[in-house]
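Next comes structure_5.pdb, a file with PDB, C-alpha atoms, pLDDT in the B column.
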```pdb
ATOM      1  CA  MET A   1     -51.582  18.870  25.300  1.00 82.00           C
ATOM      2  CA  PRO A   2     -51.092  17.993  21.618  1.00 88.00           C
ATOM      3  CA  TYR A   3     -47.875  16.430  20.321  1.00 86.00           C
ATOM      4  CA  CYS A   4     -46.188  16.055  16.949  1.00 82.00           C
ATOM      5  CA  PRO A   5     -46.031  12.353  16.037  1.00 76.00           C
ATOM      6  CA  ARG A   6     -42.816  12.861  14.031  1.00 70.00           C
ATOM      7  CA  CYS A   7     -40.553  15.153  16.085  1.00 72.00           C
ATOM      8  CA  ARG A   8     -42.416  14.450  19.345  1.00 75.00           C
ATOM      9  CA  SER A   9     -42.564  18.154  20.285  1.00 81.00           C
ATOM     10  CA  GLU A  10     -45.226  19.238  22.773  1.00 86.00           C
ATOM     11  CA  PHE A  11     -47.593  22.109  21.883  1.00 89.00           C
ATOM     12  CA  ARG A  12     -49.991  24.334  23.804  1.00 87.00           C
ATOM     13  CA  SER A  13     -53.705  23.717  23.440  1.00 88.00           C
ATOM     14  CA  GLY A  14     -55.192  25.232  20.304  1.00 89.00           C
ATOM     15  CA  PHE A  15     -52.431  24.180  17.904  1.00 89.00           C
ATOM     16  CA  ALA A  16     -53.371  21.620  15.249  1.00 90.00           C
ATOM     17  CA  VAL A  17     -50.281  21.349  13.007  1.00 90.00           C
ATOM     18  CA  CYS A  18     -46.549  21.106  13.753  1.00 85.00           C
ATOM     19  CA  ALA A  19     -44.886  24.099  12.106  1.00 81.00           C
ATOM     20  CA  ASN A  20     -41.609  22.219  11.553  1.00 74.00           C
ATOM     21  CA  CYS A  21     -42.982  18.908  10.261  1.00 71.00           C
ATOM     22  CA  GLU A  22     -46.189  20.278   8.716  1.00 77.00           C
ATOM     23  CA  ILE A  23     -48.272  17.345   9.962  1.00 80.00           C
ATOM     24  CA  GLU A  24     -51.320  17.130  12.219  1.00 87.00           C
ATOM     25  CA  LEU A  25     -50.773  16.892  15.952  1.00 88.00           C
ATOM     26  CA  VAL A  26     -52.077  14.021  18.081  1.00 88.00           C
ATOM     27  CA  ALA A  27     -53.547  14.203  21.584  1.00 88.00           C
ATOM     28  CA  SER A  28     -51.041  11.770  23.078  1.00 84.00           C
ATOM     29  CA  LEU A  29     -47.759  10.152  22.098  1.00 76.00           C
ATOM     30  CA  ASP A  30     -49.372   6.845  23.098  1.00 75.00           C
ATOM     31  CA  GLU A  31     -51.212   7.062  19.739  1.00 65.00           C
ATOM     32  CA  VAL A  32     -47.879   7.083  17.899  1.00 62.00           C
ATOM     33  CA  GLU A  33     -45.896   4.010  16.932  1.00 61.00           C
ATOM     34  CA  PRO A  34     -42.740   3.857  19.030  1.00 61.00           C
ATOM     35  CA  GLU A  35     -39.516   4.769  17.267  1.00 64.00           C
ATOM     36  CA  MET A  36     -37.554   1.865  15.866  1.00 68.00           C
ATOM     37  CA  THR A  37     -35.149   0.528  18.512  1.00 75.00           C
ATOM     38  CA  GLU A  38     -31.419   0.222  17.847  1.00 79.00           C
ATOM     39  CA  GLU A  39     -31.825  -3.566  17.915  1.00 82.00           C
ATOM     40  CA  ALA A  40     -34.659  -3.514  15.356  1.00 79.00           C
ATOM     41  CA  MET A  41     -32.665  -1.143  13.138  1.00 82.00           C
ATOM     42  CA  GLY A  42     -29.657  -3.472  13.354  1.00 83.00           C
ATOM     43  CA  GLU A  43     -31.740  -6.474  12.290  1.00 83.00           C
ATOM     44  CA  TYR A  44     -33.316  -4.529   9.419  1.00 82.00           C
ATOM     45  CA  LEU A  45     -29.970  -3.217   8.174  1.00 87.00           C
ATOM     46  CA  ALA A  46     -28.081  -6.525   8.582  1.00 88.00           C
ATOM     47  CA  ALA A  47     -29.998  -8.034   5.663  1.00 84.00           C
ATOM     48  CA  ARG A  48     -29.474  -5.082   3.304  1.00 88.00           C
ATOM     49  CA  ASP A  49     -26.751  -3.344   1.311  1.00 90.00           C
ATOM     50  CA  LEU A  50     -25.653  -0.199   3.132  1.00 91.00           C
ATOM     51  CA  VAL A  51     -24.811   3.185   1.633  1.00 90.00           C
ATOM     52  CA  THR A  52     -22.775   5.796   3.510  1.00 90.00           C
ATOM     53  CA  ILE A  53     -24.590   9.131   3.524  1.00 89.00           C
ATOM     54  CA  ALA A  54     -22.315  11.121   5.847  1.00 88.00           C
ATOM     55  CA  SER A  55     -18.841  10.937   7.342  1.00 86.00           C
ATOM     56  CA  ALA A  56     -17.920  13.026  10.374  1.00 85.00           C
ATOM     57  CA  ASP A  57     -17.208  12.858  14.081  1.00 84.00           C
ATOM     58  CA  LEU A  58     -19.906  11.507  16.370  1.00 85.00           C
ATOM     59  CA  ASN A  59     -21.077  14.951  17.532  1.00 85.00           C
ATOM     60  CA  ARG A  60     -21.931  15.911  13.953  1.00 86.00           C
ATOM     61  CA  LEU A  61     -23.539  12.576  13.088  1.00 88.00           C
ATOM     62  CA  LYS A  62     -25.860  12.345  16.115  1.00 88.00           C
ATOM     63  CA  PRO A  63     -28.304  15.064  14.931  1.00 88.00           C
ATOM     64  CA  LEU A  64     -28.457  13.485  11.456  1.00 90.00           C
ATOM     65  CA  LYS A  65     -29.016  10.035  12.949  1.00 90.00           C
ATOM     66  CA  ASN A  66     -31.830  11.369  15.158  1.00 87.00           C
ATOM     67  CA  LEU A  67     -33.408  13.226  12.230  1.00 89.00           C
ATOM     68  CA  LEU A  68     -33.495  10.063  10.121  1.00 90.00           C
ATOM     69  CA  CYS A  69     -34.949   8.086  13.056  1.00 86.00           C
ATOM     70  CA  GLN A  70     -37.711  10.692  13.452  1.00 81.00           C
ATOM     71  CA  HIS A  71     -38.645  10.049   9.824  1.00 84.00           C
ATOM     72  CA  GLY A  72     -38.640   6.269  10.262  1.00 83.00           C
ATOM     73  CA  ILE A  73     -35.437   5.674   8.298  1.00 88.00           C
ATOM     74  CA  ALA A  74     -33.234   2.961   9.793  1.00 89.00           C
ATOM     75  CA  ASN A  75     -29.593   4.015  10.026  1.00 91.00           C
ATOM     76  CA  ILE A  76     -26.371   2.964  11.705  1.00 91.00           C
ATOM     77  CA  VAL A  77     -23.103   4.630  12.671  1.00 90.00           C
ATOM     78  CA  LEU A  78     -20.086   2.630  11.485  1.00 89.00           C
ATOM     79  CA  GLU A  79     -16.350   2.900  11.963  1.00 86.00           C
ATOM     80  CA  PRO A  80     -14.756   2.963   8.503  1.00 81.00           C
ATOM     81  CA  ASP A  81     -12.057   0.468   7.552  1.00 73.00           C
ATOM     82  CA  GLY A  82      -8.566   1.864   7.883  1.00 63.00           C
ATOM     83  CA  GLY A  83      -9.210   4.281  10.766  1.00 60.00           C
ATOM     84  CA  CYS A  84      -8.758   8.007  10.414  1.00 58.00           C
ATOM     85  CA  CYS A  85      -5.244   8.687   9.121  1.00 60.00           C
ATOM     86  CA  ALA A  86      -1.733   7.212   9.022  1.00 59.00           C
ATOM     87  CA  SER A  87      -0.515   9.052  12.124  1.00 63.00           C
ATOM     88  CA  GLY A  88      -3.649   8.269  14.136  1.00 62.00           C
ATOM     89  CA  GLY A  89      -3.615  11.764  15.626  1.00 63.00           C
ATOM     90  CA  CYS A  90      -6.913  13.021  14.243  1.00 66.00           C
ATOM     91  CA  ALA A  91     -10.382  12.777  15.726  1.00 65.00           C
ATOM     92  CA  PRO A  92     -12.093   9.550  14.673  1.00 70.00           C
ATOM     93  CA  LYS A  93     -14.285   9.844  11.606  1.00 82.00           C
ATOM     94  CA  LEU A  94     -17.405   7.724  11.614  1.00 88.00           C
ATOM     95  CA  GLU A  95     -19.884   6.954   8.852  1.00 90.00           C
ATOM     96  CA  LEU A  96     -23.668   7.195   8.927  1.00 91.00           C
ATOM     97  CA  ALA A  97     -25.197   4.542   6.668  1.00 92.00           C
ATOM     98  CA  VAL A  98     -28.706   3.643   5.519  1.00 92.00           C
ATOM     99  CA  ALA A  99     -30.087   0.754   3.484  1.00 91.00           C
ATOM    100  CA  ALA A 100     -29.573   1.259  -0.253  1.00 90.00           C
ATOM    101  CA  ASN A 101     -33.339   1.090  -0.826  1.00 89.00           C
ATOM    102  CA  ASP A 102     -33.813   3.995   1.653  1.00 89.00           C
ATOM    103  CA  ILE A 103     -31.209   6.323   0.103  1.00 90.00           C
ATOM    104  CA  GLU A 104     -33.688   8.502  -1.799  1.00 90.00           C
ATOM    105  CA  ARG A 105     -35.903   9.011   1.278  1.00 89.00           C
ATOM    106  CA  ALA A 106     -32.840   9.749   3.432  1.00 91.00           C
ATOM    107  CA  ALA A 107     -31.496  12.198   0.849  1.00 90.00           C
ATOM    108  CA  GLU A 108     -34.858  13.990   0.752  1.00 88.00           C
ATOM    109  CA  VAL A 109     -34.989  14.276   4.564  1.00 89.00           C
ATOM    110  CA  LEU A 110     -31.427  15.627   4.718  1.00 88.00           C
ATOM    111  CA  ARG A 111     -32.061  17.958   1.763  1.00 85.00           C
ATOM    112  CA  ALA A 112     -35.149  19.388   3.478  1.00 83.00           C
ATOM    113  CA  ASP A 113     -33.210  19.825   6.724  1.00 82.00           C
ATOM    114  CA  PHE A 114     -30.388  21.590   4.862  1.00 79.00           C
ATOM    115  CA  GLN A 115     -32.916  23.804   3.092  1.00 75.00           C
ATOM    116  CA  ASP A 116     -34.365  24.789   6.481  1.00 74.00           C
ATOM    117  CA  LEU A 117     -30.870  25.653   7.720  1.00 73.00           C
ATOM    118  CA  VAL A 118     -30.151  27.982   4.801  1.00 70.00           C
ATOM    119  CA  ALA A 119     -33.664  29.404   4.413  1.00 64.00           C
ATOM    120  CA  LEU A 120     -33.808  33.130   3.919  1.00 52.00           C
ATOM    121  CA  ASN A 121     -35.201  35.589   6.397  1.00 49.00           C
ATOM    122  CA  ALA A 122     -38.391  37.428   5.421  1.00 46.00           C
ATOM    123  CA  ASP A 123     -36.438  40.570   4.439  1.00 48.00           C
ATOM    124  CA  GLU A 124     -34.218  38.762   1.910  1.00 50.00           C
ATOM    125  CA  THR A 125     -35.356  38.578  -1.685  1.00 46.00           C
ATOM    126  CA  THR A 126     -33.594  35.739  -3.495  1.00 49.00           C
ATOM    127  CA  CYS A 127     -32.852  32.111  -2.812  1.00 48.00           C
ATOM    128  CA  LYS A 128     -31.406  29.246  -4.792  1.00 49.00           C
ATOM    129  CA  ASP A 129     -34.117  27.038  -6.227  1.00 50.00           C
ATOM    130  CA  PRO A 130     -34.410  23.977  -3.928  1.00 45.00           C
ATOM    131  CA  SER A 131     -35.439  21.816  -6.894  1.00 46.00           C
ATOM    132  CA  ALA A 132     -31.843  22.192  -8.123  1.00 45.00           C
ATOM    133  CA  TRP A 133     -30.644  20.258  -5.078  1.00 45.00           C
ATOM    134  CA  THR A 134     -31.066  16.900  -6.734  1.00 48.00           C
ATOM    135  CA  VAL A 135     -29.022  13.731  -6.823  1.00 53.00           C
ATOM    136  CA  ASN A 136     -28.466  11.983 -10.153  1.00 53.00           C
ATOM    137  CA  LEU A 137     -28.234   8.435  -8.832  1.00 50.00           C
ATOM    138  CA  GLU A 138     -28.068   6.819 -12.294  1.00 54.00           C
ATOM    139  CA  GLY A 139     -25.061   8.740 -13.571  1.00 63.00           C
ATOM    140  CA  GLY A 140     -23.345   8.881 -10.218  1.00 66.00           C
ATOM    141  CA  GLU A 141     -22.933  12.650 -10.451  1.00 73.00           C
ATOM    142  CA  VAL A 142     -24.447  14.816  -7.762  1.00 74.00           C
ATOM    143  CA  ILE A 143     -25.287  18.479  -7.530  1.00 73.00           C
ATOM    144  CA  CYS A 144     -23.792  20.126  -4.449  1.00 76.00           C
ATOM    145  CA  PRO A 145     -26.677  21.393  -2.269  1.00 72.00           C
ATOM    146  CA  ALA A 146     -24.554  24.314  -1.050  1.00 72.00           C
ATOM    147  CA  CYS A 147     -23.051  25.806  -4.230  1.00 72.00           C
ATOM    148  CA  GLU A 148     -24.755  23.817  -7.041  1.00 73.00           C
ATOM    149  CA  THR A 149     -21.448  22.615  -8.523  1.00 78.00           C
ATOM    150  CA  ARG A 150     -21.560  19.311 -10.434  1.00 80.00           C
ATOM    151  CA  ILE A 151     -19.592  16.690  -8.519  1.00 81.00           C
ATOM    152  CA  PRO A 152     -18.195  13.798 -10.597  1.00 80.00           C
ATOM    153  CA  ALA A 153     -19.122  10.206  -9.794  1.00 77.00           C
ATOM    154  CA  GLY A 154     -17.051   8.693  -7.004  1.00 77.00           C
ATOM    155  CA  VAL A 155     -15.858  12.016  -5.554  1.00 81.00           C
ATOM    156  CA  ALA A 156     -16.743  12.534  -1.886  1.00 79.00           C
ATOM    157  CA  GLU A 157     -16.303  16.324  -1.574  1.00 81.00           C
ATOM    158  CA  CYS A 158     -17.486  19.236  -3.665  1.00 82.00           C
ATOM    159  CA  PRO A 159     -14.455  20.619  -5.549  1.00 85.00           C
ATOM    160  CA  GLN A 160     -15.816  24.162  -5.163  1.00 82.00           C
ATOM    161  CA  CYS A 161     -16.899  24.463  -1.508  1.00 77.00           C
ATOM    162  CA  GLU A 162     -15.478  21.198  -0.058  1.00 79.00           C
ATOM    163  CA  LEU A 163     -18.864  20.070   1.328  1.00 79.00           C
ATOM    164  CA  TYR A 164     -18.779  16.312   1.999  1.00 77.00           C
ATOM    165  CA  VAL A 165     -21.532  14.649  -0.034  1.00 72.00           C
ATOM    166  CA  GLY A 166     -20.453  11.008   0.349  1.00 69.00           C
ATOM    167  CA  VAL A 167     -19.563   8.320  -2.137  1.00 60.00           C
ATOM    168  CA  PRO A 168     -22.113   5.716  -3.315  1.00 53.00           C
ATOM    169  CA  SER A 169     -21.145   2.203  -2.165  1.00 51.00           C
ATOM    170  CA  GLU A 170     -20.729   0.920  -5.729  1.00 52.00           C
ATOM    171  CA  PHE A 171     -17.741   3.260  -6.167  1.00 50.00           C
ATOM    172  CA  LEU A 172     -16.207   2.115  -2.885  1.00 49.00           C
ATOM    173  CA  ALA A 173     -16.447  -1.523  -4.035  1.00 48.00           C
ATOM    174  CA  GLU A 174     -14.526  -0.666  -7.244  1.00 50.00           C
ATOM    175  CA  GLU A 175     -11.618   0.848  -5.281  1.00 48.00           C
ATOM    176  CA  LYS A 176     -10.836  -2.352  -3.341  1.00 45.00           C
TER
END
```

As structure tokens, what does this structure read like?
Amino acid sequence: MPYCPRCRSEFRSGFAVCANCEIELVASLDEVEPEMTEEAMGEYLAARDLVTIASADLNRLKPLKNLLCQHGIANIVLEPDGGCCASGGCAPKLELAVAANDIERAAEVLRADFQDLVALNADETTCKDPSAWTVNLEGGEVICPACETRIPAGVAECPQCELYVGVPSEFLAEEK
């Protein structure tokens, strides 16, 4: 039975390419490098500047964490300073962080996953241009992948659709 080396899905005989990952299948997962362990990820990330790429409860972060791991991007779930809110009555918000030098790869993986989620059915005729879903890392502004609104530097949510897009770590350092 062939397997996808990235998502580790099993296929019936006769298939050569994973439809989701668009890469060639291998005969056995033994041929594939093992996924990075939590310990190895921790060591890799300990020596690097971290950037938060998502903030949510654990149930929402787990699929994103697994997706990044499948693409070989080290990541870690952190508890933000200050807890959730003043009353303490809300569900805990956690942060998913990657090394600053991996942010562009992580953004591309998450962008592609989001694009797959909102892809049109065959009977629909128009779609937003995925090339518009870009991040302007130099200016700090981002383009919302959901509604294409320009989001000012240092703002965590889209002002139009309220999608959380995160705040680059350099803006968090300025606030303290």

Would you pick out the contacts of region 75-80 of chain A at 6 Å or less, using all atoms listed in the file, so that residues sharing its chain but fewer than 6 positions from it are not included, and give the list as a ChimeraX atom specification?
/A:94-98

Have a look at A:Gly42, A:Pro92, A:Pro145, A:Pro2 and name the one nearest to Phe15 (chain A); count all atoms listed in the file.
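Smallest distance to Phe15 (chain A) is found for A:Pro2.
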
Between CA of Val142 (chain A) and CA of Asn59 (chain A) lies a distance of 25.5 Å

Go through A:Glu141, A:Cys147, A:Tyr44, A:Leu68 one by one, measure the shortest atom-to-atom distance of each to Leu110 (chain A) using all atoms listed in the file, and give the residue with the smallest value.
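Counting all atoms listed in the file, the residue closest to Leu110 (chain A) is A:Leu68.
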
As an exercise, work out the distance from CA of Glu38 (chain A) to CA of Lys65 (chain A) in Å and give it to one decimal place.
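So the answer is 11.2 Å.
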
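Across A:Leu29, A:Ala99, A:Cys144, A:Leu61, the tightest approach to Met1 (chain A) is made by A:Leu29 when counting all atoms listed in the file.
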
Apply the PyMOL selection byres ((chain A and resi 24) around 10) to the file shown and report the selected residues as a count of residues only.
15

Under the PyMOL selection byres ((chain A and resi 56) around 6), which residues of this model are included? Write them out as a list in words.
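Those residues are Ser55, Asp57, Lys93 and Leu94 of chain A.
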
Report as a list in words the residues that result from applying the PyMOL selection byres ((chain A and resi 102) around 12) to the structure here.
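In the shown coordinates, the PyMOL selection byres ((chain A and resi 102) around 12) covers Tyr44, Leu45, Arg48, Asp49, Leu50, Val51, Thr52, Ile53, Leu68, His71, Gly72, Ile73, Ala74, Asn75, Ala97, Val98, Ala99, Ala100, Asn101, Ile103, Glu104, Arg105, Ala106, Ala107, Glu108 and Val109 of chain A.
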
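Put simply, CA of Thr37 (chain A) is 14.3 Å away from CA of Leu67 (chain A).
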
For region 13-48 of chain A, which lacks atoms in the input, supply N, CA and C atoms and format the output as a CSV table (one decimal), in the frame of the given file.
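Output file rebuild_6.csv follows:
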```
chain,number,residue,atom,x,y,z
A,13,SER,N,-52.4,24.0,24.0
A,13,SER,CA,-53.7,23.7,23.4
A,13,SER,C,-54.0,24.7,22.4
A,14,GLY,N,-54.8,24.3,21.4
A,14,GLY,CA,-55.2,25.2,20.3
A,14,GLY,C,-54.4,25.0,19.0
A,15,PHE,N,-53.2,24.4,19.1
A,15,PHE,CA,-52.4,24.2,17.9
A,15,PHE,C,-52.9,22.9,17.3
A,16,ALA,N,-52.9,22.8,15.9
A,16,ALA,CA,-53.4,21.6,15.2
A,16,ALA,C,-52.3,21.0,14.3
A,17,VAL,N,-51.3,21.8,13.9
A,17,VAL,CA,-50.3,21.3,13.0
A,17,VAL,C,-48.9,21.7,13.5
A,18,CYS,N,-47.9,20.8,13.4
A,18,CYS,CA,-46.5,21.1,13.8
A,18,CYS,C,-46.0,22.0,12.7
A,19,ALA,N,-45.4,23.2,13.1
A,19,ALA,CA,-44.9,24.1,12.1
A,19,ALA,C,-43.6,23.5,11.4
A,20,ASN,N,-42.8,22.8,12.1
A,20,ASN,CA,-41.6,22.2,11.6
A,20,ASN,C,-41.9,21.1,10.6
A,21,CYS,N,-42.7,20.1,11.0
A,21,CYS,CA,-43.0,18.9,10.3
A,21,CYS,C,-44.2,19.0,9.3
A,22,GLU,N,-45.0,20.0,9.5
A,22,GLU,CA,-46.2,20.3,8.7
A,22,GLU,C,-47.1,19.1,8.7
A,23,ILE,N,-47.3,18.4,9.9
A,23,ILE,CA,-48.3,17.3,10.0
A,23,ILE,C,-49.2,17.6,11.2
A,24,GLU,N,-50.3,16.9,11.2
A,24,GLU,CA,-51.3,17.1,12.2
A,24,GLU,C,-50.8,16.6,13.5
A,25,LEU,N,-51.2,17.3,14.6
A,25,LEU,CA,-50.8,16.9,16.0
A,25,LEU,C,-51.7,15.8,16.5
A,26,VAL,N,-51.3,15.0,17.4
A,26,VAL,CA,-52.1,14.0,18.1
A,26,VAL,C,-52.2,14.4,19.6
A,27,ALA,N,-53.3,13.9,20.2
A,27,ALA,CA,-53.5,14.2,21.6
A,27,ALA,C,-52.5,13.6,22.5
A,28,SER,N,-52.0,12.5,22.2
A,28,SER,CA,-51.0,11.8,23.1
A,28,SER,C,-50.0,11.0,22.3
A,29,LEU,N,-48.8,10.9,22.8
A,29,LEU,CA,-47.8,10.2,22.1
A,29,LEU,C,-48.0,8.7,22.2
A,30,ASP,N,-49.0,8.3,23.0
A,30,ASP,CA,-49.4,6.8,23.1
A,30,ASP,C,-50.0,6.4,21.8
A,31,GLU,N,-50.6,7.4,21.0
A,31,GLU,CA,-51.2,7.1,19.7
A,31,GLU,C,-50.2,6.8,18.6
A,32,VAL,N,-48.9,7.1,18.9
A,32,VAL,CA,-47.9,7.1,17.9
A,32,VAL,C,-47.1,5.8,18.0
A,33,GLU,N,-46.7,5.2,16.9
A,33,GLU,CA,-45.9,4.0,16.9
A,33,GLU,C,-44.6,4.4,17.6
A,34,PRO,N,-44.0,3.5,18.4
A,34,PRO,CA,-42.7,3.9,19.0
A,34,PRO,C,-41.7,3.9,18.0
A,35,GLU,N,-40.6,4.7,18.2
A,35,GLU,CA,-39.5,4.8,17.3
A,35,GLU,C,-38.8,3.4,17.2
A,36,MET,N,-38.2,3.1,16.1
A,36,MET,CA,-37.6,1.9,15.9
A,36,MET,C,-36.4,1.8,16.8
A,37,THR,N,-36.2,0.7,17.6
A,37,THR,CA,-35.1,0.5,18.5
A,37,THR,C,-33.8,0.3,17.8
A,38,GLU,N,-32.7,0.5,18.5
A,38,GLU,CA,-31.4,0.2,17.8
A,38,GLU,C,-31.3,-1.2,17.4
A,39,GLU,N,-31.9,-2.1,18.2
A,39,GLU,CA,-31.8,-3.6,17.9
A,39,GLU,C,-32.6,-3.9,16.6
A,40,ALA,N,-33.8,-3.3,16.5
A,40,ALA,CA,-34.7,-3.5,15.4
A,40,ALA,C,-34.0,-2.9,14.1
A,41,MET,N,-33.4,-1.7,14.3
A,41,MET,CA,-32.7,-1.1,13.1
A,41,MET,C,-31.5,-2.0,12.7
A,42,GLY,N,-30.8,-2.6,13.7
A,42,GLY,CA,-29.7,-3.5,13.4
A,42,GLY,C,-30.1,-4.7,12.6
A,43,GLU,N,-31.2,-5.3,13.0
A,43,GLU,CA,-31.7,-6.5,12.3
A,43,GLU,C,-32.2,-6.1,10.9
A,44,TYR,N,-32.9,-5.0,10.7
A,44,TYR,CA,-33.3,-4.5,9.4
A,44,TYR,C,-32.1,-4.3,8.5
A,45,LEU,N,-31.1,-3.6,9.0
A,45,LEU,CA,-30.0,-3.2,8.2
A,45,LEU,C,-29.0,-4.4,7.9
A,46,ALA,N,-29.0,-5.4,8.8
A,46,ALA,CA,-28.1,-6.5,8.6
A,46,ALA,C,-28.4,-7.3,7.3
A,47,ALA,N,-29.6,-7.3,6.9
A,47,ALA,CA,-30.0,-8.0,5.7
A,47,ALA,C,-30.0,-7.2,4.4
A,48,ARG,N,-29.4,-6.0,4.5
A,48,ARG,CA,-29.5,-5.1,3.3
A,48,ARG,C,-28.1,-4.5,3.0
```
